[in-house]
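Engineer: Input file: query_38.pdb. Contents: PDB, C-alpha atoms.
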```
MODEL        1
ATOM      1  CA  MET A   1       0.000   0.000   0.000
ATOM      2  CA  THR A   2       1.337   3.394  -0.942
ATOM      3  CA  PRO A   3       1.508   5.859   1.922
ATOM      4  CA  ARG A   4      -0.538   9.039   1.556
ATOM      5  CA  ILE A   5       2.376  11.159   2.694
ATOM      6  CA  ASP A   6       5.971  10.159   2.036
ATOM      7  CA  SER A   7       9.293  11.961   2.171
ATOM      8  CA  GLY A   8       9.155  12.894  -1.520
ATOM      9  CA  PHE A   9       5.764  14.542  -1.084
ATOM     10  CA  LEU A  10       6.887  16.302   2.099
ATOM     11  CA  PHE A  11       9.912  17.639   0.240
ATOM     12  CA  LEU A  12       7.645  18.891  -2.535
ATOM     13  CA  ILE A  13       5.298  20.599  -0.077
ATOM     14  CA  GLY A  14       8.236  22.200   1.744
ATOM     15  CA  ALA A  15       9.838  23.421  -1.476
ATOM     16  CA  THR A  16       6.528  24.829  -2.733
ATOM     17  CA  ILE A  17       5.853  26.690   0.517
ATOM     18  CA  ALA A  18       9.396  28.087   0.489
ATOM     19  CA  ALA A  19       8.940  29.184  -3.127
ATOM     20  CA  ALA A  20       5.607  30.841  -2.250
ATOM     21  CA  VAL A  21       7.220  32.789   0.600
ATOM     22  CA  LEU A  22      10.106  33.894  -1.633
ATOM     23  CA  VAL A  23       7.781  34.972  -4.446
ATOM     24  CA  ALA A  24       5.672  36.875  -1.902
ATOM     25  CA  LEU A  25       8.779  38.672  -0.580
ATOM     26  CA  GLN A  26      10.029  39.388  -4.091
ATOM     27  CA  SER A  27       6.858  40.522  -5.837
ATOM     28  CA  GLY A  28       4.215  40.785  -3.134
ATOM     29  CA  PRO A  29       1.752  38.249  -1.675
ATOM     30  CA  GLY A  30      -0.860  39.172  -4.275
ATOM     31  CA  HIS A  31       1.440  38.057  -7.066
ATOM     32  CA  ALA A  32       2.272  34.786  -5.289
ATOM     33  CA  LEU A  33      -1.418  34.044  -4.844
ATOM     34  CA  GLN A  34      -2.130  34.907  -8.477
ATOM     35  CA  THR A  35       0.650  32.567  -9.649
ATOM     36  CA  ALA A  36      -0.695  29.726  -7.501
ATOM     37  CA  LEU A  37      -4.268  30.293  -8.716
ATOM     38  CA  GLY A  38      -3.040  30.360 -12.317
ATOM     39  CA  ALA A  39      -1.501  26.933 -11.755
ATOM     40  CA  LEU A  40      -4.815  25.661 -10.377
ATOM     41  CA  GLY A  41      -6.538  26.904 -13.523
ATOM     42  CA  PHE A  42      -4.001  24.950 -15.542
ATOM     43  CA  LEU A  43      -4.750  21.887 -13.417
ATOM     44  CA  ALA A  44      -8.416  22.176 -14.383
ATOM     45  CA  VAL A  45      -7.418  22.085 -18.064
ATOM     46  CA  LEU A  46      -5.187  19.067 -17.412
ATOM     47  CA  LEU A  47      -7.698  17.026 -15.405
ATOM     48  CA  PRO A  48      -9.258  15.114 -18.325
ATOM     49  CA  LYS A  49      -5.770  14.155 -19.487
ATOM     50  CA  ILE A  50      -4.671  13.095 -16.005
ATOM     51  CA  GLY A  51      -7.902  11.125 -15.602
ATOM     52  CA  ALA A  52      -7.303   9.294 -18.884
ATOM     53  CA  GLY A  53      -3.698   8.585 -17.859
ATOM     54  CA  VAL A  54      -4.860   7.135 -14.550
ATOM     55  CA  VAL A  55      -7.432   4.892 -16.263
ATOM     56  CA  ILE A  56      -4.820   3.646 -18.765
ATOM     57  CA  ALA A  57      -2.282   3.030 -16.016
ATOM     58  CA  ALA A  58      -4.888   1.150 -13.949
ATOM     59  CA  THR A  59      -6.253  -0.949 -16.810
ATOM     60  CA  ILE A  60      -3.054  -2.246 -18.404
ATOM     61  CA  PRO A  61      -1.882  -4.261 -15.355
ATOM     62  CA  VAL A  62      -5.304  -5.927 -15.181
ATOM     63  CA  LEU A  63      -5.205  -6.768 -18.904
ATOM     64  CA  ILE A  64      -1.554  -7.863 -18.889
ATOM     65  CA  PRO A  65      -0.656  -9.270 -15.460
ATOM     66  CA  ARG A  66       2.859  -8.696 -14.155
ATOM     67  CA  GLU A  67       3.619 -12.436 -14.236
ATOM     68  CA  ARG A  68       2.917 -12.506 -17.968
ATOM     69  CA  ILE A  69       5.156  -9.472 -18.579
ATOM     70  CA  SER A  70       8.051 -11.126 -16.782
ATOM     71  CA  THR A  71       7.792 -14.252 -18.954
ATOM     72  CA  TRP A  72       8.593 -12.089 -22.012
ATOM     73  CA  ILE A  73      12.068 -11.496 -20.716
ATOM     74  CA  GLY A  74      14.699 -14.056 -21.402
ATOM     75  CA  ARG A  75      12.400 -16.298 -23.416
ATOM     76  CA  GLU A  76      13.449 -15.014 -26.821
ATOM     77  CA  SER A  77      17.112 -14.682 -27.625
ATOM     78  CA  GLY A  78      18.856 -12.151 -29.857
ATOM     79  CA  VAL A  79      17.593  -8.680 -30.670
ATOM     80  CA  LYS A  80      13.995  -9.900 -30.397
ATOM     81  CA  GLY A  81      14.615 -10.798 -26.774
ATOM     82  CA  LEU A  82      16.061  -7.347 -26.097
ATOM     83  CA  ALA A  83      13.058  -5.670 -27.760
ATOM     84  CA  ALA A  84      10.693  -7.817 -25.662
ATOM     85  CA  ALA A  85      12.593  -6.867 -22.491
ATOM     86  CA  THR A  86      12.364  -3.158 -23.405
ATOM     87  CA  ILE A  87       8.598  -3.369 -23.979
ATOM     88  CA  ALA A  88       8.169  -5.322 -20.749
ATOM     89  CA  GLY A  89      10.040  -2.559 -18.901
ATOM     90  CA  ALA A  90       7.845   0.139 -20.426
ATOM     91  CA  LEU A  91       4.620  -1.686 -19.520
ATOM     92  CA  LEU A  92       5.591  -2.676 -15.982
ATOM     93  CA  PRO A  93       3.556  -0.586 -13.587
ATOM     94  CA  GLY A  94       5.102   0.588 -10.357
ATOM     95  CA  GLY A  95       8.257   2.162  -9.063
ATOM     96  CA  PRO A  96      11.771   0.978  -8.211
ATOM     97  CA  SER A  97      10.566  -1.140  -5.298
ATOM     98  CA  MET A  98       8.817  -3.255  -7.935
ATOM     99  CA  ALA A  99      11.230  -3.107 -10.868
ATOM    100  CA  TYR A 100      14.529  -4.016  -9.216
ATOM    101  CA  PRO A 101      13.365  -7.063  -7.238
ATOM    102  CA  LEU A 102      11.806  -8.322 -10.476
ATOM    103  CA  THR A 103      15.073  -7.780 -12.369
ATOM    104  CA  ALA A 104      17.028  -9.550  -9.646
ATOM    105  CA  SER A 105      14.685 -12.530  -9.806
ATOM    106  CA  LEU A 106      14.934 -12.580 -13.610
ATOM    107  CA  LEU A 107      18.726 -12.754 -13.412
ATOM    108  CA  VAL A 108      18.497 -15.606 -10.922
ATOM    109  CA  SER A 109      16.048 -17.487 -13.115
ATOM    110  CA  GLY A 110      18.370 -17.327 -16.102
ATOM    111  CA  ALA A 111      17.835 -14.067 -18.030
ATOM    112  CA  ASP A 112      21.168 -12.781 -19.367
ATOM    113  CA  LEU A 113      22.803  -9.446 -18.525
ATOM    114  CA  GLY A 114      21.831  -7.923 -21.903
ATOM    115  CA  ALA A 115      18.113  -8.617 -21.460
ATOM    116  CA  SER A 116      18.166  -7.481 -17.822
ATOM    117  CA  LEU A 117      19.866  -4.203 -18.756
ATOM    118  CA  ALA A 118      17.435  -3.647 -21.635
ATOM    119  CA  PHE A 119      14.579  -4.236 -19.188
ATOM    120  CA  VAL A 120      15.868  -1.775 -16.560
ATOM    121  CA  THR A 121      16.731   0.814 -19.227
ATOM    122  CA  GLY A 122      13.335   0.454 -20.924
ATOM    123  CA  TRP A 123      11.620   0.798 -17.561
ATOM    124  CA  SER A 124      13.723   3.858 -16.631
ATOM    125  CA  LEU A 125      13.106   5.636 -19.922
ATOM    126  CA  PHE A 126       9.544   4.726 -20.906
ATOM    127  CA  ASN A 127       7.710   3.587 -17.746
ATOM    128  CA  LEU A 128       4.122   4.035 -18.902
ATOM    129  CA  ASN A 129       2.704   5.330 -15.598
ATOM    130  CA  ARG A 130       5.302   8.021 -15.289
ATOM    131  CA  THR A 131       5.202   9.091 -18.918
ATOM    132  CA  LEU A 132       1.421   9.153 -19.235
ATOM    133  CA  ILE A 133       0.514  10.684 -15.916
ATOM    134  CA  TRP A 134       3.431  12.836 -14.822
ATOM    135  CA  GLU A 135       5.464  13.751 -17.849
ATOM    136  CA  LEU A 136       2.499  14.546 -20.119
ATOM    137  CA  SER A 137       0.951  16.724 -17.406
ATOM    138  CA  PHE A 138       3.987  18.953 -17.062
ATOM    139  CA  LEU A 139       5.707  18.928 -20.433
ATOM    140  CA  PRO A 140       4.439  19.557 -23.981
ATOM    141  CA  TYR A 141       3.409  16.569 -26.127
ATOM    142  CA  ASP A 142       6.011  17.229 -28.809
ATOM    143  CA  PHE A 143       8.737  17.314 -26.153
ATOM    144  CA  VAL A 144       7.671  13.915 -24.820
ATOM    145  CA  ALA A 145       7.337  12.525 -28.360
ATOM    146  CA  VAL A 146      10.862  13.654 -29.280
ATOM    147  CA  ARG A 147      12.291  12.159 -26.092
ATOM    148  CA  VAL A 148      10.571   8.805 -26.530
ATOM    149  CA  GLY A 149      11.249   8.679 -30.275
ATOM    150  CA  LEU A 150      14.952   9.389 -29.973
ATOM    151  CA  ALA A 151      15.490   7.080 -27.011
ATOM    152  CA  LEU A 152      13.342   4.251 -28.414
ATOM    153  CA  LEU A 153      16.143   1.954 -29.546
ATOM    154  CA  THR A 154      18.681   2.796 -26.858
ATOM    155  CA  PRO A 155      17.721  -0.006 -24.402
ATOM    156  CA  ILE A 156      18.278  -2.535 -27.210
ATOM    157  CA  LEU A 157      21.657  -0.951 -27.972
ATOM    158  CA  VAL A 158      22.616  -1.096 -24.289
ATOM    159  CA  GLY A 159      21.698  -4.783 -24.233
ATOM    160  CA  MET A 160      23.653  -5.541 -27.420
ATOM    161  CA  LEU A 161      26.739  -3.714 -26.151
ATOM    162  CA  ALA A 162      26.541  -5.537 -22.822
ATOM    163  CA  ARG A 163      26.369  -8.883 -24.621
ATOM    164  CA  ALA A 164      29.340  -7.942 -26.829
ATOM    165  CA  ILE A 165      31.526  -6.629 -23.999
ATOM    166  CA  TRP A 166      30.705  -8.988 -21.115
ATOM    167  CA  LYS A 167      30.263 -12.268 -22.946
ATOM    168  CA  PRO A 168      28.419 -14.875 -20.890
ATOM    169  CA  THR A 169      30.736 -17.654 -19.826
TER     170      THR A 169
ATOM    171  CA  MET B   1       0.521  18.711 -30.921
ATOM    172  CA  ASN B   2      -2.320  20.702 -29.549
ATOM    173  CA  ILE B   3      -3.427  19.892 -25.987
ATOM    174  CA  LEU B   4      -6.993  19.170 -27.101
ATOM    175  CA  ILE B   5      -6.014  16.556 -29.722
ATOM    176  CA  GLY B   6      -3.693  14.897 -27.211
ATOM    177  CA  THR B   7      -6.413  14.747 -24.580
ATOM    178  CA  VAL B   8      -8.921  13.299 -27.061
ATOM    179  CA  LEU B   9      -6.406  10.603 -28.089
ATOM    180  CA  LEU B  10      -5.625   9.694 -24.467
ATOM    181  CA  VAL B  11      -9.298   9.591 -23.465
ATOM    182  CA  GLY B  12      -9.997   7.414 -26.533
ATOM    183  CA  LEU B  13      -7.204   5.025 -25.580
ATOM    184  CA  ALA B  14      -8.460   4.887 -21.977
ATOM    185  CA  LEU B  15     -12.022   4.071 -23.112
ATOM    186  CA  TRP B  16     -10.798   1.436 -25.554
ATOM    187  CA  LEU B  17      -8.635  -0.267 -22.909
ATOM    188  CA  TRP B  18     -11.505  -0.171 -20.415
ATOM    189  CA  ARG B  19     -13.756  -1.948 -22.933
ATOM    190  CA  GLN B  20     -11.137  -4.683 -23.300
ATOM    191  CA  LEU B  21     -11.580  -5.665 -19.627
ATOM    192  CA  PRO B  22     -13.087  -9.147 -19.903
ATOM    193  CA  ASP B  23     -15.535  -9.248 -16.984
ATOM    194  CA  GLY B  24     -16.955  -7.570 -13.893
ATOM    195  CA  ASP B  25     -14.158  -8.884 -11.718
ATOM    196  CA  ALA B  26     -11.491  -7.297 -13.946
ATOM    197  CA  ARG B  27     -13.443  -4.024 -14.046
ATOM    198  CA  GLU B  28     -13.652  -4.070 -10.242
ATOM    199  CA  ARG B  29      -9.882  -4.579  -9.930
ATOM    200  CA  ALA B  30      -9.241  -1.767 -12.412
ATOM    201  CA  ARG B  31     -11.639   0.505 -10.508
ATOM    202  CA  THR B  32      -9.774  -0.163  -7.238
ATOM    203  CA  GLU B  33      -6.497   0.661  -8.964
ATOM    204  CA  VAL B  34      -7.941   3.874 -10.461
ATOM    205  CA  LYS B  35      -8.942   4.979  -6.959
ATOM    206  CA  ARG B  36      -5.557   4.102  -5.483
ATOM    207  CA  LEU B  37      -3.674   5.966  -8.237
ATOM    208  CA  ALA B  38      -5.958   8.998  -8.073
ATOM    209  CA  VAL B  39      -5.547   9.312  -4.292
ATOM    210  CA  PHE B  40      -1.769   9.175  -4.749
ATOM    211  CA  ILE B  41      -1.488  11.397  -7.795
ATOM    212  CA  LEU B  42      -3.997  14.220  -7.402
ATOM    213  CA  PRO B  43      -2.553  15.848  -4.246
ATOM    214  CA  ARG B  44       0.984  15.554  -5.610
ATOM    215  CA  ILE B  45       0.197  16.899  -9.051
ATOM    216  CA  THR B  46      -1.742  19.834  -7.537
ATOM    217  CA  VAL B  47       1.148  20.864  -5.293
ATOM    218  CA  ALA B  48       3.745  20.213  -8.024
ATOM    219  CA  LEU B  49       1.921  22.388 -10.592
ATOM    220  CA  ILE B  50       1.707  25.255  -8.078
ATOM    221  CA  GLY B  51       5.362  24.659  -7.186
ATOM    222  CA  ALA B  52       6.406  24.686 -10.854
ATOM    223  CA  ALA B  53       4.671  28.030 -11.460
ATOM    224  CA  LEU B  54       6.311  29.547  -8.360
ATOM    225  CA  PHE B  55       9.771  28.116  -9.203
ATOM    226  CA  ALA B  56       9.522  29.704 -12.644
ATOM    227  CA  GLU B  57       8.954  33.082 -10.965
ATOM    228  CA  LEU B  58      12.046  32.617  -8.825
ATOM    229  CA  LEU B  59      14.432  31.186 -11.404
ATOM    230  CA  PRO B  60      16.854  33.880 -12.539
ATOM    231  CA  ALA B  61      15.755  33.777 -16.185
ATOM    232  CA  GLU B  62      18.906  35.384 -17.521
ATOM    233  CA  ARG B  63      21.175  32.970 -15.664
ATOM    234  CA  VAL B  64      19.083  29.975 -16.801
ATOM    235  CA  ARG B  65      19.284  31.152 -20.427
ATOM    236  CA  GLU B  66      23.015  31.651 -20.066
ATOM    237  CA  LEU B  67      23.610  28.202 -18.546
ATOM    238  CA  PHE B  68      20.960  26.156 -20.371
ATOM    239  CA  GLY B  69      19.802  28.307 -23.303
ATOM    240  CA  SER B  70      20.249  27.328 -26.934
ATOM    241  CA  GLY B  71      23.718  28.907 -26.986
ATOM    242  CA  SER B  72      24.969  26.912 -23.991
ATOM    243  CA  GLY B  73      26.217  23.973 -26.076
ATOM    244  CA  VAL B  74      27.727  20.822 -24.645
ATOM    245  CA  THR B  75      28.616  22.486 -21.324
ATOM    246  CA  GLY B  76      24.939  23.253 -20.728
ATOM    247  CA  LEU B  77      23.997  19.677 -21.605
ATOM    248  CA  ALA B  78      26.673  18.246 -19.308
ATOM    249  CA  LEU B  79      25.459  20.423 -16.440
ATOM    250  CA  ALA B  80      21.850  19.352 -17.097
ATOM    251  CA  VAL B  81      22.917  15.679 -17.125
ATOM    252  CA  LEU B  82      24.672  16.228 -13.793
ATOM    253  CA  LEU B  83      21.662  17.944 -12.198
ATOM    254  CA  GLY B  84      19.185  15.230 -13.259
ATOM    255  CA  PRO B  85      20.319  12.474 -10.870
ATOM    256  CA  LEU B  86      20.729  14.950  -7.994
ATOM    257  CA  THR B  87      17.026  15.919  -8.113
ATOM    258  CA  PRO B  88      15.400  14.719  -4.875
ATOM    259  CA  GLY B  89      11.851  13.455  -4.504
ATOM    260  CA  GLY B  90       9.697  11.727  -7.081
ATOM    261  CA  PRO B  91       8.828  12.337 -10.718
ATOM    262  CA  PHE B  92       6.688  15.340  -9.743
ATOM    263  CA  VAL B  93       9.777  17.240  -8.573
ATOM    264  CA  CYS B  94      11.787  16.485 -11.712
ATOM    265  CA  PHE B  95       8.983  17.383 -14.109
ATOM    266  CA  ALA B  96       8.069  20.529 -12.154
ATOM    267  CA  VAL B  97      11.686  21.723 -12.409
ATOM    268  CA  ALA B  98      11.786  20.807 -16.114
ATOM    269  CA  ALA B  99       8.562  22.717 -16.826
ATOM    270  CA  ALA B 100       9.833  25.770 -14.935
ATOM    271  CA  GLY B 101      13.126  25.599 -16.874
ATOM    272  CA  LEU B 102      11.362  25.475 -20.238
ATOM    273  CA  GLN B 103       9.165  28.389 -19.219
ATOM    274  CA  VAL B 104      12.066  30.722 -18.446
ATOM    275  CA  GLY B 105      14.081  29.906 -21.574
ATOM    276  CA  ALA B 106      16.188  26.786 -21.100
ATOM    277  CA  SER B 107      16.562  25.030 -24.472
ATOM    278  CA  SER B 108      14.495  21.879 -25.029
ATOM    279  CA  ALA B 109      17.775  20.039 -25.646
ATOM    280  CA  ALA B 110      19.020  20.903 -22.144
ATOM    281  CA  VAL B 111      15.678  20.026 -20.544
ATOM    282  CA  LEU B 112      15.586  16.721 -22.476
ATOM    283  CA  ALA B 113      19.084  15.941 -21.209
ATOM    284  CA  TYR B 114      17.949  16.742 -17.647
ATOM    285  CA  VAL B 115      14.777  14.622 -17.755
ATOM    286  CA  THR B 116      16.523  11.701 -19.482
ATOM    287  CA  ALA B 117      19.441  11.770 -17.026
ATOM    288  CA  TRP B 118      17.019  11.825 -14.099
ATOM    289  CA  SER B 119      15.040   8.880 -15.549
ATOM    290  CA  LEU B 120      18.175   6.807 -15.984
ATOM    291  CA  PHE B 121      20.348   7.795 -13.043
ATOM    292  CA  SER B 122      18.148   9.266 -10.252
ATOM    293  CA  ALA B 123      20.425   9.019  -7.213
ATOM    294  CA  THR B 124      17.530   8.124  -4.912
ATOM    295  CA  LYS B 125      16.647   5.165  -7.126
ATOM    296  CA  VAL B 126      20.201   3.989  -7.732
ATOM    297  CA  LEU B 127      21.402   4.272  -4.128
ATOM    298  CA  ALA B 128      18.261   3.150  -2.316
ATOM    299  CA  TYR B 129      17.146   0.333  -4.618
ATOM    300  CA  GLU B 130      19.498  -0.585  -7.433
ATOM    301  CA  MET B 131      22.789  -0.849  -5.494
ATOM    302  CA  PRO B 132      21.436  -3.059  -2.686
ATOM    303  CA  LEU B 133      19.270  -5.235  -4.935
ATOM    304  CA  MET B 134      21.391  -5.581  -8.068
ATOM    305  CA  GLY B 135      24.935  -5.155  -6.800
ATOM    306  CA  GLN B 136      27.735  -2.837  -7.775
ATOM    307  CA  SER B 137      28.847  -4.650 -10.913
ATOM    308  CA  PHE B 138      25.386  -4.534 -12.528
ATOM    309  CA  VAL B 139      24.939  -0.861 -11.628
ATOM    310  CA  LEU B 140      28.358   0.137 -12.970
ATOM    311  CA  LYS B 141      27.825  -1.700 -16.246
ATOM    312  CA  ARG B 142      24.433  -0.090 -16.681
ATOM    313  CA  LEU B 143      25.701   3.401 -15.870
ATOM    314  CA  ILE B 144      28.659   3.147 -18.262
ATOM    315  CA  LEU B 145      26.526   1.903 -21.150
ATOM    316  CA  SER B 146      23.665   4.384 -20.626
ATOM    317  CA  LEU B 147      25.710   7.503 -19.943
ATOM    318  CA  PRO B 148      25.651   8.567 -23.628
ATOM    319  CA  ILE B 149      21.823   8.311 -23.855
ATOM    320  CA  PRO B 150      20.921  11.781 -22.430
ATOM    321  CA  PHE B 151      23.515  13.428 -24.680
ATOM    322  CA  PHE B 152      22.317  11.459 -27.699
ATOM    323  CA  VAL B 153      18.669  12.429 -27.070
ATOM    324  CA  ALA B 154      19.531  16.109 -26.503
ATOM    325  CA  MET B 155      21.774  16.390 -29.549
ATOM    326  CA  GLY B 156      19.261  14.533 -31.698
ATOM    327  CA  ALA B 157      16.573  16.979 -30.584
ATOM    328  CA  ALA B 158      18.843  19.961 -31.304
ATOM    329  CA  LEU B 159      19.458  18.630 -34.833
ATOM    330  CA  LEU B 160      15.713  18.148 -35.420
ATOM    331  CA  ARG B 161      14.978  21.830 -34.741
TER     332      ARG B 161
ENDMDL
END
```
Written as structure tokens, how would this file's structure read?

Structural biologist:
Amino acid sequence: MTPRIDSGFLFLIGATIAAAVLVALQSGPGHALQTALGALGFLAVLLPKIGAGVVIAATIPVLIPRERISTWIGRESGVKGLAAATIAGALLPGGPSMAYPLTASLLVSGADLGASLAFVTGWSLFNLNRTLIWELSFLPYDFVAVRVGLALLTPILVGMLARAIWKPT
Amino acid sequence: MNILIGTVLLVGLALWLWRQLPDGDARERARTEVKRLAVFILPRITVALIGAALFAELLPAERVRELFGSGSGVTGLALAVLLGPLTPGGPFVCFAVAAAGLQVGASSAAVLAYVTAWSLFSATKVLAYEMPLMGQSFVLKRLILSLPIPFFVAMGAALLR
């Protein structure tokens, strides 16, 4: 169960309050309030998008259970296996407390270093929850599209390089 | 892409996925997950959006443009790549900083380098989870091989402009 309040959220609240005080000192409390209200107006515009992101992020794990995603990794060899590991990483819901134990168990159950690295890299770069809900709420669509498009093949490259450099014995 | 088209596409995808849920039990599980995610995300996104707007007011725009503007070159990118992993907190902090940076005139290349470096090398993630669970050798290999990725993405984006 995710805690309602964690250290990351507390940090965010603290930083935001500090920023509000500084803006109030710099340009007056009225301006700070106006800035904060402007952001709330922006939130109203974003809500449908956030709602859709939440529904997508909640539905995919029900449609494709985690156990099925993990069987994609290490089953296929070659570049196909690396591509499957990348996609599995992108689709895996949840944060690092989910992703790394899964990777560790994959390594133990026989996935090679290349596939494991492709999985972690794919998860780091394309993690669907984070991209759909957080990144798209804060950053423009074309920015996100350029980032994903340019980085798309890099987890496969990382996996191929790892296989070439650290050959399995 | 315009915000309206993007929203329509996302809502369409959400509806389509929801219709793929096979039965009432699956819909119930998805509903529980929607509630859990919403309770987690809404307070954070509200505070982070307010924070981002306030940060943008405080950022010294001229200094940001100097360090991370389109004329800042590889030095600006390297600095952005360094700052990414040092960002504390969750994704909301990183994306709030990125949005504030874009707003006051950092180049998209520098912001892409920052976001990509944070995704790959967030110190919180690496130190708290990856090191203990995966071991030093795995982490080092991953870091060495992925270090070029933020630079590659940023330079690719700069060339596309």

Engineer: Taking all atoms listed in the file into account, name the residue in B:Ser146, B:Thr75, B:Thr124, B:Ser137 that is nearest to chain A.

Structural biologist: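 Among the listed residues, the smallest separation from chain A belongs to B:Ser146.
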
Engineer: Residues of chain B within 7 Å of chain A, counting all atoms listed in the file - could you list those as a PyMOL selection string?

Structural biologist: chain B and resi 1+7+10-11+14+17-18+21+26+30+33-34+37-38+40+44+46-51+53-55+57-58+89-93+95-96+99+112+116+119-120+125+129-130+133-134+142+145-146+153+156-157

Engineer: Keeping only C-alpha atoms, write those residues as a PDB file, in the frame of the given file.

Structural biologist:
```
ATOM      1  CA  MET B   1       0.521  18.711 -30.921  1.00  0.00           C
ATOM      2  CA  THR B   7      -6.413  14.747 -24.580  1.00  0.00           C
ATOM      3  CA  LEU B  10      -5.625   9.694 -24.467  1.00  0.00           C
ATOM      4  CA  VAL B  11      -9.298   9.591 -23.465  1.00  0.00           C
ATOM      5  CA  ALA B  14      -8.460   4.887 -21.977  1.00  0.00           C
ATOM      6  CA  LEU B  17      -8.635  -0.267 -22.909  1.00  0.00           C
ATOM      7  CA  TRP B  18     -11.505  -0.171 -20.415  1.00  0.00           C
ATOM      8  CA  LEU B  21     -11.580  -5.665 -19.627  1.00  0.00           C
ATOM      9  CA  ALA B  26     -11.491  -7.297 -13.946  1.00  0.00           C
ATOM     10  CA  ALA B  30      -9.241  -1.767 -12.412  1.00  0.00           C
ATOM     11  CA  GLU B  33      -6.497   0.661  -8.964  1.00  0.00           C
ATOM     12  CA  VAL B  34      -7.941   3.874 -10.461  1.00  0.00           C
ATOM     13  CA  LEU B  37      -3.674   5.966  -8.237  1.00  0.00           C
ATOM     14  CA  ALA B  38      -5.958   8.998  -8.073  1.00  0.00           C
ATOM     15  CA  PHE B  40      -1.769   9.175  -4.749  1.00  0.00           C
ATOM     16  CA  ARG B  44       0.984  15.554  -5.610  1.00  0.00           C
ATOM     17  CA  THR B  46      -1.742  19.834  -7.537  1.00  0.00           C
ATOM     18  CA  VAL B  47       1.148  20.864  -5.293  1.00  0.00           C
ATOM     19  CA  ALA B  48       3.745  20.213  -8.024  1.00  0.00           C
ATOM     20  CA  LEU B  49       1.921  22.388 -10.592  1.00  0.00           C
ATOM     21  CA  ILE B  50       1.707  25.255  -8.078  1.00  0.00           C
ATOM     22  CA  GLY B  51       5.362  24.659  -7.186  1.00  0.00           C
ATOM     23  CA  ALA B  53       4.671  28.030 -11.460  1.00  0.00           C
ATOM     24  CA  LEU B  54       6.311  29.547  -8.360  1.00  0.00           C
ATOM     25  CA  PHE B  55       9.771  28.116  -9.203  1.00  0.00           C
ATOM     26  CA  GLU B  57       8.954  33.082 -10.965  1.00  0.00           C
ATOM     27  CA  LEU B  58      12.046  32.617  -8.825  1.00  0.00           C
ATOM     28  CA  GLY B  89      11.851  13.455  -4.504  1.00  0.00           C
ATOM     29  CA  GLY B  90       9.697  11.727  -7.081  1.00  0.00           C
ATOM     30  CA  PRO B  91       8.828  12.337 -10.718  1.00  0.00           C
ATOM     31  CA  PHE B  92       6.688  15.340  -9.743  1.00  0.00           C
ATOM     32  CA  VAL B  93       9.777  17.240  -8.573  1.00  0.00           C
ATOM     33  CA  PHE B  95       8.983  17.383 -14.109  1.00  0.00           C
ATOM     34  CA  ALA B  96       8.069  20.529 -12.154  1.00  0.00           C
ATOM     35  CA  ALA B  99       8.562  22.717 -16.826  1.00  0.00           C
ATOM     36  CA  LEU B 112      15.586  16.721 -22.476  1.00  0.00           C
ATOM     37  CA  THR B 116      16.523  11.701 -19.482  1.00  0.00           C
ATOM     38  CA  SER B 119      15.040   8.880 -15.549  1.00  0.00           C
ATOM     39  CA  LEU B 120      18.175   6.807 -15.984  1.00  0.00           C
ATOM     40  CA  LYS B 125      16.647   5.165  -7.126  1.00  0.00           C
ATOM     41  CA  TYR B 129      17.146   0.333  -4.618  1.00  0.00           C
ATOM     42  CA  GLU B 130      19.498  -0.585  -7.433  1.00  0.00           C
ATOM     43  CA  LEU B 133      19.270  -5.235  -4.935  1.00  0.00           C
ATOM     44  CA  MET B 134      21.391  -5.581  -8.068  1.00  0.00           C
ATOM     45  CA  ARG B 142      24.433  -0.090 -16.681  1.00  0.00           C
ATOM     46  CA  LEU B 145      26.526   1.903 -21.150  1.00  0.00           C
ATOM     47  CA  SER B 146      23.665   4.384 -20.626  1.00  0.00           C
ATOM     48  CA  VAL B 153      18.669  12.429 -27.070  1.00  0.00           C
ATOM     49  CA  GLY B 156      19.261  14.533 -31.698  1.00  0.00           C
ATOM     50  CA  ALA B 157      16.573  16.979 -30.584  1.00  0.00           C
TER      51      ALA B 157
END
```

Engineer: Might you spell out which residues the PyMOL selection byres ((chain B and resi 111) around 12) would select in the displayed file, as number ranges by chain?

Structural biologist: A: 139-140, 143-144, 146-147; B: 64-65, 67-70, 76-84, 94-110, 112-118, 150-151, 153-155, 157-158

Engineer: By how many Å are atom CA of B:Ala52 and atom CA of B:Ser122 apart?

Structural biologist: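 Separation between atom CA of B:Ala52 and atom CA of B:Ser122: 19.4 Å.
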
Engineer: So what do you get for atom CA of A:Gly30 versus atom CA of B:Ala61, distance-wise?

Structural biologist: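 Atom-to-atom, atom CA of A:Gly30 to atom CA of B:Ala61, that is 21.1 Å.
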
Engineer: Give me, please, the distance in Å between atom CA of B:Ala123 and atom CA of A:Ile156, quoted to one decimal.

Structural biologist: 23.2 Å

Engineer: Might you pull out every residue within 9 Å of stretch 64-73 of chain A, with only C-alpha atoms counted and same-chain residues fewer than 5 positions away left off, and present them as a PyMOL selection string?

Structural biologist: chain A and resi 59+81-82+84-89+91-93+102-103+106+111+115-116+119
